[in-house]
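This is query.cif (mmCIF, C-alpha atoms).
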data_my_file
loop_
_atom_site.label_atom_id
_atom_site.label_comp_id
_atom_site.auth_asym_id
_atom_site.auth_seq_id
_atom_site.Cartn_x
_atom_site.Cartn_y
_atom_site.Cartn_z
CA MET X 1 0.00 0.00 0.00
CA ASN X 2 2.85 2.39 0.80
CA ASP X 3 4.24 1.90 -2.71
CA ILE X 4 0.88 2.93 -4.18
CA LEU X 5 0.52 5.99 -1.98
CA ARG X 6 4.16 7.01 -2.45
CA PRO X 7 5.13 6.03 -6.00
CA GLU X 8 8.71 6.31 -7.27
CA LEU X 9 9.62 9.75 -8.60
CA LEU X 10 11.94 10.56 -11.48
CA TRP X 11 13.82 13.84 -11.86
CA ILE X 12 14.67 14.70 -15.44
CA GLU X 13 15.87 18.12 -16.55
CA GLY X 14 14.72 19.62 -13.25
CA ARG X 15 11.18 18.21 -13.54
CA CYS X 16 9.59 15.58 -11.32
CA TYR X 17 7.66 12.64 -12.82
CA ARG X 18 5.63 9.91 -11.13
CA VAL X 19 6.34 6.27 -11.98
CA HIS X 20 3.97 3.49 -11.02
CA ASP X 21 5.60 0.21 -9.97
CA PRO X 22 9.02 0.56 -11.63
CA ALA X 23 9.85 -3.05 -10.71
CA THR X 24 7.51 -4.40 -13.34
CA GLU X 25 8.09 -4.63 -17.06
CA ILE X 26 6.96 -1.60 -19.03
CA THR X 27 4.00 -2.42 -21.21
CA ALA X 28 2.45 -0.16 -23.82
CA PHE X 29 -0.14 1.09 -21.32
CA GLN X 30 2.41 1.59 -18.55
CA GLU X 31 4.68 3.48 -20.94
CA TYR X 32 1.82 5.90 -21.57
CA ASP X 33 1.21 6.29 -17.84
CA LEU X 34 4.88 7.13 -17.29
CA TYR X 35 4.46 10.47 -18.96
CA GLU X 36 0.78 11.18 -18.47
CA ASN X 37 1.72 14.08 -16.17
CA ASP X 38 4.32 15.53 -18.52
CA THR X 39 4.00 19.14 -19.56
CA PRO X 40 1.33 19.33 -22.28
CA LEU X 41 2.82 19.83 -25.72
CA ASN X 42 1.17 23.19 -26.22
CA GLU X 43 2.54 24.44 -22.88
CA VAL X 44 6.21 23.80 -23.62
CA ASP X 45 7.95 27.10 -24.22
CA GLU X 46 10.15 27.06 -27.33
CA ASP X 47 12.51 29.43 -25.53
CA ASP X 48 12.77 27.08 -22.55
CA ASP X 49 16.44 26.17 -22.07
CA ASP X 50 15.95 23.33 -19.60
CA THR X 51 17.35 20.74 -22.01
CA ALA X 52 21.02 19.98 -22.51
CA TYR X 53 20.41 18.92 -26.11
CA GLU X 54 21.19 21.14 -29.05
CA ILE X 55 18.17 21.46 -31.31
CA VAL X 56 18.96 22.85 -34.75
CA MET X 57 16.72 24.09 -37.53
CA ILE X 58 17.00 22.15 -40.80
CA ASP X 59 14.63 24.36 -42.75
CA SER X 60 11.71 26.68 -42.06
CA ASN X 61 9.47 23.94 -40.66
CA ARG X 62 11.78 21.17 -39.45
CA TYR X 63 14.06 20.82 -36.42
CA THR X 64 16.32 18.02 -35.25
CA THR X 65 18.54 16.84 -32.41
CA ASN X 66 20.51 13.76 -31.42
CA ILE X 67 20.30 12.12 -28.00
CA HIS X 68 22.57 9.45 -26.64
CA VAL X 69 20.91 6.33 -25.22
CA PRO X 70 22.92 3.24 -24.20
CA ARG X 71 22.17 0.24 -26.40
CA HIS X 72 20.77 -1.59 -23.40
CA TYR X 73 17.69 0.67 -23.35
CA ILE X 74 16.90 0.79 -27.06
CA GLY X 75 14.47 -2.11 -26.79
CA SER X 76 12.41 -0.29 -24.15
CA ILE X 77 12.16 2.76 -26.40
CA ILE X 78 11.09 0.71 -29.42
CA GLY X 79 8.58 -1.37 -27.46
CA LYS X 80 6.81 -4.52 -28.55
CA LYS X 81 6.57 -4.54 -32.35
CA GLY X 82 7.54 -0.85 -32.33
CA ALA X 83 4.44 0.23 -30.43
CA THR X 84 6.18 2.55 -27.98
CA ILE X 85 8.30 4.50 -30.43
CA SER X 86 5.31 4.80 -32.77
CA ARG X 87 3.19 6.24 -29.97
CA ILE X 88 5.86 8.79 -28.99
CA GLY X 89 6.24 9.86 -32.61
CA ARG X 90 2.49 10.16 -33.08
CA ASP X 91 1.87 12.05 -29.82
CA THR X 92 4.74 14.50 -30.33
CA LYS X 93 4.39 14.74 -34.13
CA THR X 94 8.03 13.75 -34.55
CA VAL X 95 10.02 11.20 -36.53
CA ILE X 96 12.43 9.21 -34.35
CA LYS X 97 15.24 7.28 -36.00
CA ILE X 98 16.93 4.51 -34.01
CA PRO X 99 20.49 3.46 -34.96
CA ARG X 100 20.68 0.02 -36.51
CA HIS X 101 22.21 -2.89 -34.67
CA GLY X 102 25.97 -2.51 -34.65
CA GLU X 103 25.91 1.21 -35.42
CA ASN X 104 27.66 3.41 -32.89
CA SER X 105 25.42 6.43 -33.24
CA ASP X 106 22.73 8.34 -31.36
CA ILE X 107 18.96 8.52 -31.68
CA SER X 108 17.85 11.25 -34.07
CA ILE X 109 14.61 13.18 -33.61
CA PHE X 110 12.96 15.31 -36.31
CA GLY X 111 9.98 17.55 -35.62
CA PRO X 112 8.10 20.59 -36.91
CA SER X 113 9.12 22.74 -33.93
CA ILE X 114 11.49 22.90 -30.97
CA THR X 115 8.49 22.20 -28.75
CA ASN X 116 7.77 18.90 -30.48
CA VAL X 117 11.39 17.78 -30.37
CA LYS X 118 11.66 18.61 -26.66
CA ALA X 119 8.50 16.65 -25.92
CA ALA X 120 9.94 13.58 -27.63
CA ILE X 121 13.22 13.95 -25.71
CA ARG X 122 11.41 14.02 -22.38
CA ARG X 123 9.33 10.96 -23.14
CA ILE X 124 12.36 8.97 -24.24
CA ASN X 125 14.27 10.04 -21.14
CA ILE X 126 11.44 8.96 -18.86
CA ILE X 127 11.35 5.50 -20.43
CA VAL X 128 15.13 5.18 -20.08
CA MET X 129 14.99 6.22 -16.43
CA ALA X 130 12.20 3.74 -15.64
CA ALA X 131 14.22 0.94 -17.28
CA ARG X 132 17.37 2.06 -15.46
CA MET X 133 15.62 1.84 -12.09
CA LYS X 134 15.00 -1.89 -12.58
CA GLN X 135 18.71 -2.67 -12.96
CA LYS X 136 21.32 -3.37 -10.36
CA PRO X 137 23.57 -0.34 -9.81
CA THR X 138 27.05 -0.43 -11.33
CA HIS X 139 28.56 2.58 -9.52
CA PHE X 140 28.11 4.64 -6.39
CA ILE X 141 29.38 7.89 -4.90
CA SER X 142 31.38 7.20 -1.75
CA ILE X 143 33.35 8.88 0.99
CA PRO X 144 36.06 6.45 2.13
CA MET X 145 36.11 5.75 5.88
CA ASN X 146 39.10 3.41 5.83
CA ALA X 147 41.75 5.54 7.52
CA ALA X 148 44.21 3.45 9.56
CA ASN X 149 42.72 4.36 12.94
CA ILE X 150 39.16 3.63 11.77
CA VAL X 151 40.26 0.26 10.36
CA GLU X 152 41.94 -0.58 13.66
CA GLY X 153 38.82 0.40 15.57
CA PHE X 154 36.68 -1.73 13.27
CA GLU X 155 38.95 -4.78 13.62
CA ARG X 156 38.78 -4.49 17.45
CA PHE X 157 35.01 -4.20 17.18
CA LYS X 158 34.87 -7.30 15.00
CA VAL X 159 36.94 -9.37 17.44
CA ARG X 160 34.81 -8.32 20.40
CA VAL X 161 31.54 -9.00 18.59
CA LEU X 162 32.64 -12.49 17.57
CA GLN X 163 33.66 -13.16 21.17
CA ASP X 164 30.60 -11.72 22.88
CA CYS X 165 27.90 -12.50 20.29
CA PRO X 166 28.26 -16.18 19.28
CA ASN X 167 25.19 -16.03 17.02
CA VAL X 168 26.96 -13.59 14.65
CA ASP X 169 28.91 -15.18 11.80
CA GLU X 170 32.25 -13.69 10.73
CA SER X 171 31.17 -13.72 7.07
CA LEU X 172 28.65 -10.95 7.79
CA PHE X 173 31.37 -8.32 8.27
CA ILE X 174 32.48 -5.98 5.50
CA ARG X 175 36.18 -5.87 4.69
CA SER X 176 37.73 -3.12 6.78
CA THR X 177 39.50 -1.60 3.76
CA LYS X 178 36.08 -0.98 2.15
CA LEU X 179 34.48 1.04 4.93
CA HIS X 180 32.69 4.02 3.38
CA ILE X 181 29.71 6.36 3.42
CA THR X 182 27.37 5.76 0.49
CA LEU X 183 25.94 8.95 -0.99
CA GLY X 184 23.92 7.30 -3.74
CA VAL X 185 24.02 4.56 -6.35
CA MET X 186 23.56 4.67 -10.12
CA CYS X 187 23.59 2.50 -13.22
CA LEU X 188 26.13 3.62 -15.84
CA MET X 189 25.76 1.47 -18.94
CA ASP X 190 28.42 2.76 -21.30
CA ASN X 191 31.51 4.92 -21.49
CA GLU X 192 29.57 8.07 -22.30
CA GLU X 193 27.48 7.72 -19.16
CA ARG X 194 30.61 7.12 -17.09
CA GLN X 195 32.14 10.26 -18.55
CA LEU X 196 28.98 12.20 -17.70
CA ALA X 197 29.02 10.95 -14.09
CA SER X 198 32.71 11.86 -13.81
CA LYS X 199 31.98 15.35 -15.11
CA LEU X 200 29.12 15.75 -12.62
CA LEU X 201 31.36 14.78 -9.71
CA LEU X 202 34.02 17.25 -10.83
CA GLU X 203 31.33 19.94 -11.04
CA ALA X 204 30.06 18.98 -7.60
CA LYS X 205 33.32 20.07 -5.99
CA ASP X 206 32.73 23.71 -6.89
CA LYS X 207 28.93 23.70 -6.78
CA CYS X 208 28.10 21.41 -3.86
CA ILE X 209 31.12 20.66 -1.71
CA MET X 210 33.43 23.65 -1.29
CA PRO X 211 30.69 26.23 -0.64
CA ILE X 212 29.55 24.12 2.32
CA VAL X 213 32.83 22.99 3.89
CA LYS X 214 35.41 25.59 2.85
CA ASP X 215 35.39 27.27 6.28
CA PHE X 216 35.73 23.97 8.17
CA LEU X 217 38.54 22.17 6.36
CA PRO X 218 39.77 19.63 7.02
CA LEU X 219 36.26 18.43 7.91
CA LYS X 220 36.53 15.78 10.62
CA ILE X 221 34.08 12.87 10.70
CA ARG X 222 33.47 10.60 13.68
CA LEU X 223 32.21 7.03 13.21
CA LYS X 224 30.36 6.19 16.39
CA GLY X 225 27.27 4.24 17.38
CA LEU X 226 25.25 1.52 15.69
CA SER X 227 21.87 1.29 13.99
CA TYR X 228 20.12 -1.00 11.51
CA MET X 229 17.94 -0.84 8.41
CA ASN X 230 15.10 -3.16 9.40
CA ASP X 231 12.27 -2.80 11.92
CA ASP X 232 13.24 -5.88 13.96
CA PRO X 233 16.73 -5.99 15.54
CA LYS X 234 16.45 -9.79 15.54
CA ALA X 235 16.00 -9.86 11.75
CA VAL X 236 18.59 -7.48 10.35
CA ASP X 237 19.89 -7.16 6.79
CA VAL X 238 22.26 -4.24 7.34
CA LEU X 239 23.85 -3.12 10.60
CA TYR X 240 25.69 0.17 10.17
CA GLY X 241 27.77 2.73 11.97
CA CYS X 242 26.58 6.31 12.42
CA VAL X 243 28.60 9.35 11.37
CA GLU X 244 28.76 12.94 12.58
CA GLU X 245 30.92 15.99 12.03
CA VAL X 246 33.49 17.06 14.62
CA ASP X 247 34.39 20.71 15.38
CA ALA X 248 31.90 21.91 12.74
CA PRO X 249 28.26 23.01 12.78
CA SER X 250 25.83 20.17 13.34
CA GLY X 251 24.21 19.02 10.10
CA ILE X 252 26.94 20.24 7.75
CA LEU X 253 27.87 16.69 6.70
CA GLN X 254 24.23 15.88 5.98
CA GLN X 255 23.95 19.06 3.94
CA LEU X 256 27.03 18.09 1.95
CA VAL X 257 25.79 14.57 1.23
CA ASP X 258 22.31 15.76 0.23
CA SER X 259 23.74 18.42 -2.06
CA ILE X 260 25.87 15.91 -3.99
CA PHE X 261 22.98 13.44 -4.21
CA ASN X 262 20.62 16.07 -5.60
CA HIS X 263 23.26 17.21 -8.09
CA PHE X 264 23.24 13.71 -9.62
CA LYS X 265 19.51 13.21 -9.16
CA ASN X 266 18.65 16.35 -11.11
CA ALA X 267 20.90 15.13 -13.92
CA GLY X 268 18.83 11.92 -14.10
CA LEU X 269 21.56 9.53 -12.93
CA MET X 270 20.33 8.85 -9.39
CA HIS X 271 16.98 8.17 -7.86
CA SER X 272 15.71 7.76 -4.32
CA SER X 273 15.95 4.31 -2.76
CA GLN X 274 15.43 2.61 0.57
CA ASN X 275 18.53 4.43 1.81
CA HIS X 276 17.03 7.83 1.05
CA GLU X 277 14.50 9.31 3.41
CA ILE X 278 11.91 11.91 2.45
CA ASP X 279 14.29 14.85 2.67
CA ASN X 280 17.74 13.42 3.40
CA VAL X 281 20.13 10.70 2.39
CA LYS X 282 20.46 8.22 5.23
CA MET X 283 24.14 8.53 6.05
CA HIS X 284 25.62 5.24 7.15
CA VAL X 285 28.74 3.10 7.09
CA THR X 286 27.84 -0.55 6.52
CA LEU X 287 29.51 -2.83 9.06
CA LEU X 288 27.59 -6.10 8.73
CA ASN X 289 25.43 -7.11 5.80
CA SER X 290 23.39 -10.28 5.34
CA LYS X 291 24.36 -10.45 1.67
CA TYR X 292 27.95 -11.16 2.72
CA ARG X 293 26.90 -14.33 4.47
CA GLN X 294 28.67 -17.43 3.23
CA ARG X 295 26.30 -19.93 1.70
CA GLN X 296 26.31 -23.44 2.97
CA GLN X 297 28.46 -25.80 0.96
CA ASN X 298 25.47 -27.79 -0.17
CA SER X 299 23.56 -24.74 -1.43
CA ASP X 300 22.92 -24.32 -5.13
CA LEU X 301 25.26 -21.51 -6.23
CA ASN X 302 23.42 -21.25 -9.54
CA ASP X 303 20.08 -20.57 -7.90
CA ASN X 304 19.30 -16.95 -8.78
CA LYS X 305 16.26 -17.11 -6.49
CA HIS X 306 18.38 -17.65 -3.38
CA LYS X 307 16.60 -15.83 -0.59
CA ARG X 308 18.59 -13.35 1.47
CA GLU X 309 18.75 -14.49 5.09
CA THR X 310 18.61 -11.93 7.89
CA PHE X 311 20.65 -12.19 11.07
CA ASP X 312 20.00 -11.47 14.74
CA GLY X 313 21.74 -8.20 15.56
CA SER X 314 20.07 -7.57 18.91
CA ASP X 315 23.10 -8.60 21.02
CA VAL X 316 25.47 -6.47 18.96
CA LEU X 317 23.19 -3.44 19.26
CA LEU X 318 22.75 -3.97 22.99
CA LYS X 319 26.44 -4.44 23.83
CA PHE X 320 28.05 -2.04 21.36
CA SER X 321 25.42 0.64 20.77
CA ASN X 322 27.85 3.50 21.52
CA TYR X 323 31.05 1.97 20.16
CA ASP X 324 33.48 4.64 18.96
CA PHE X 325 35.46 3.61 15.87
CA GLY X 326 37.43 6.86 15.74
CA VAL X 327 37.71 10.12 13.83
CA THR X 328 38.97 10.66 10.28
CA GLU X 329 39.12 13.58 7.86
CA LEU X 330 37.15 14.12 4.68
CA ARG X 331 39.91 13.96 2.09
CA ASP X 332 38.19 12.93 -1.13
CA VAL X 333 34.98 11.74 -2.75
CA HIS X 334 34.96 8.81 -5.18
CA LEU X 335 32.88 7.61 -8.10
CA SER X 336 33.33 3.97 -7.14
CA GLN X 337 32.69 0.78 -9.08
CA ARG X 338 30.57 -1.79 -7.28
CA ASN X 339 31.87 -5.31 -6.63
CA THR X 340 35.52 -4.41 -7.29
CA SER X 341 38.73 -4.19 -5.30
CA GLY X 342 41.72 -2.00 -6.06
CA PRO X 343 45.36 -2.50 -5.04
CA ASP X 344 44.68 -0.81 -1.69
CA GLY X 345 41.65 -3.00 -0.96
CA TYR X 346 39.13 -0.19 -1.59
CA TYR X 347 36.76 -0.11 -4.54
CA LEU X 348 38.16 0.75 -7.96
CA SER X 349 37.34 4.35 -8.79
CA THR X 350 36.28 5.91 -12.07
CA VAL X 351 37.18 9.36 -10.77
CA ILE X 352 38.30 10.85 -7.45
CA ILE X 353 38.01 14.48 -6.36
CA SER X 354 40.01 15.86 -3.46
CA VAL X 355 38.40 18.04 -0.82
CA ASN X 356 40.92 20.68 0.20
#

What would you get if you wrote out this structure as structure tokens?
Amino acid sequence: MNDILRPELLWIEGRCYRVHDPATEITAFQEYDLYENDTPLNEVDEDDDDTAYEIVMIDSNRYTTNIHVPRHYIGSIIGKKGATISRIGRDTKTVIKIPRHGENSDISIFGPSITNVKAAIRRINIIVMAARMKQKPTHFISIPMNAANIVEGFERFKVRVLQDCPNVDESLFIRSTKLHITLGVMCLMDNEERQLASKLLLEAKDKCIMPIVKDFLPLKIRLKGLSYMNDDPKAVDVLYGCVEEVDAPSGILQQLVDSIFNHFKNAGLMHSSQNHEIDNVKMHVTLLNSKYRQRQQNSDLNDNKHKRETFDGSDVLLKFSNYDFGVTELRDVHLSQRNTSGPDGYYLSTVIISVN
């Protein structure tokens, strides 16, 4: 019921769109519903500059633009037997040309006005975003929390938990070299999207980061205290450490994290998830995660329907609720690649920006 009352929202070009049940496959009717609340065609201002696409005039009554869409999403735009792309073309009075299989080119849109072309762009972008939301993320924005003293504090915590909480398995713990704050996740399907995300992170330094922290550098962050993602401490998926700024105004770290998240969200690369509350990113450093659990030797490793098994975190929360892992400094922010390990044990990074 909560999913119906609070449907997923997409931000594209500074506009908010409602998406119903993004976990299901997009049918012809659902594709129409995705953009039923879009700006009516006759209300789109031709002088509106909210699009990053260059629309050029071919002749007195024809305009065109090219938009890049990763090959993975082309099928969603075409739809079953071409129904979706035909509907977009008909509704926006445009001609949309899809690159042939094997061609390394962009989608071309032709229309009788800038307004028509922009309407087609928005509808294509909404479909791409809905398809993107169904995929597993490939990258995430992270703040490393693996300074030597934090790692030492975590390893001591791990030893004590395994001694004092016999129901907790060692396989639940994250590797200490991968401790981090997650700012948001995204799915980057080709090199152009990775370049765009890298550019956004570089922009974020001047637009989102330095204006907030410049008077408090180096910004110190304390990792202290425990919490969990689920409602029942005896059935936990993720047990995490809490973070707070030190010798800086309260809330400045939250402001920083939210600003970076929104910078990517407004560009269409991030969307809200279970780790994002109504107004704020839920800052956390994962310590134990049920997905790390080692499967029993007799389990079927090829079973894609393997159910995630929660763990009882009540003893850990009771005995170590105020555990202090230590203080580190905000040195850099990473565009990290999921499920990877670099030479230093941290995630491989597509781009890193320093905060100084």

Could you build a table of the residues in segment 200-267 of chain X lying no more than 9 Å from segment 135-149 of chain X, giving for each the nearest pair of atoms and their separation in Å rounded to one decimal place, using all atoms listed in the file, ordered by chain and ascending residue number, as a tab-separated table?
residue	atom	partner	partner_atom	distance
X:Leu201	CA	X:Ile141	CA	8.6
X:Ile221	CA	X:Met145	CA	8.8
X:Leu223	CA	X:Met145	CA	8.4
X:Ile260	CA	X:Ile141	CA	8.8
X:Phe261	CA	X:Ile141	CA	8.5

* Can you turn the PyMOL selection byres ((chain X and resi 240) around 12) into a concrete residue list for this file, as a PyMOL selection string? => chain X and resi 154+172-174+179-182+223-230+236-239+241-243+275+282-290+313+316-317+320-321+323+325

* To do: Measuring atom to atom with all atoms listed in the file, identify which of X:Cys165, X:Asn280, X:Met189, X:Leu318 is nearest to Pro233 of chain X.
  =>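 Between X:Cys165, X:Asn280, X:Met189, X:Leu318, the residue approaching Pro233 of chain X most closely is X:Leu318.
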
* Let me know the residues the PyMOL selection byres ((chain X and resi 333-335) around 12) catches in the file above, as a ChimeraX atom specification. => /X:138-145,180-188,194-202,204-205,208-209,256-257,260,264,329-332,336-338,346-356

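Atom CA of Ile78 of chain X lies 16.5 Å from atom CA of Ala119 of chain X.
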
* To do: Any chance you could resolve the PyMOL selection byres ((chain X and resi 71) around 12) against this file and give the residues as a count of residues only?
  => 27

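Of the residues under consideration (X:Pro166, X:Ser113, X:Pro249, X:Arg123), X:Ser113 shows the shortest atom-to-atom contact distance to Met57 of chain X when counting only C-alpha atoms.
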
* To do: In Å, rounded to a single decimal, give me how far atom CA of Asp91 of chain X is from atom CA of Asn116 of chain X.
  => 9.1 Å

* Could you check how far atom CA of Ser176 of chain X sits from atom CA of Leu217 of chain X, in Å to one decimal? =>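 Interatomic distance, atom CA of Ser176 of chain X to atom CA of Leu217 of chain X: 25.3 Å.
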
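For Thr65 of chain X, the non-local neighbours within 8 Å, defined as residues at least 3 positions apart in the same chain or in other chains and counting all atoms listed in the file, are X:Tyr53, X:Glu54, X:Ile55, X:Val56, X:Ser108, X:Ile109, X:Phe110, X:Val117.
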
* **Shortest interatomic distance to Tyr292 of chain X - which of X:Glu170, X:Val213, X:Arg222, X:Glu203, counting all atoms listed in the file** => X:Glu170

* Using all atoms listed in the file, which residues sit within 9 Å of Asn125 of chain X once same-chain residues fewer than 5 positions away are excluded, as a list in words? -> Ile12, Val69, Ala120, Ala130 and Gly268 of chain X

Report as lines of an AutoDock Vina configuration file the centre and the edge lengths, in Å to one decimal, of the axis-aligned box holding every listed atom of segment 253-270 of chain X, padded by 5 Å on each side.
center_x = 23.3
center_y = 14.0
center_z = -3.7
size_x = 19.2
size_y = 20.2
size_z = 30.8

* With all atoms listed in the file as the basis for distance, which of X:Ser86, X:Asn322, X:Asn339, X:Thr115 is at the shortest distance from Phe157 of chain X? ->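 Closest to Phe157 of chain X, using all atoms listed in the file: X:Asn322.
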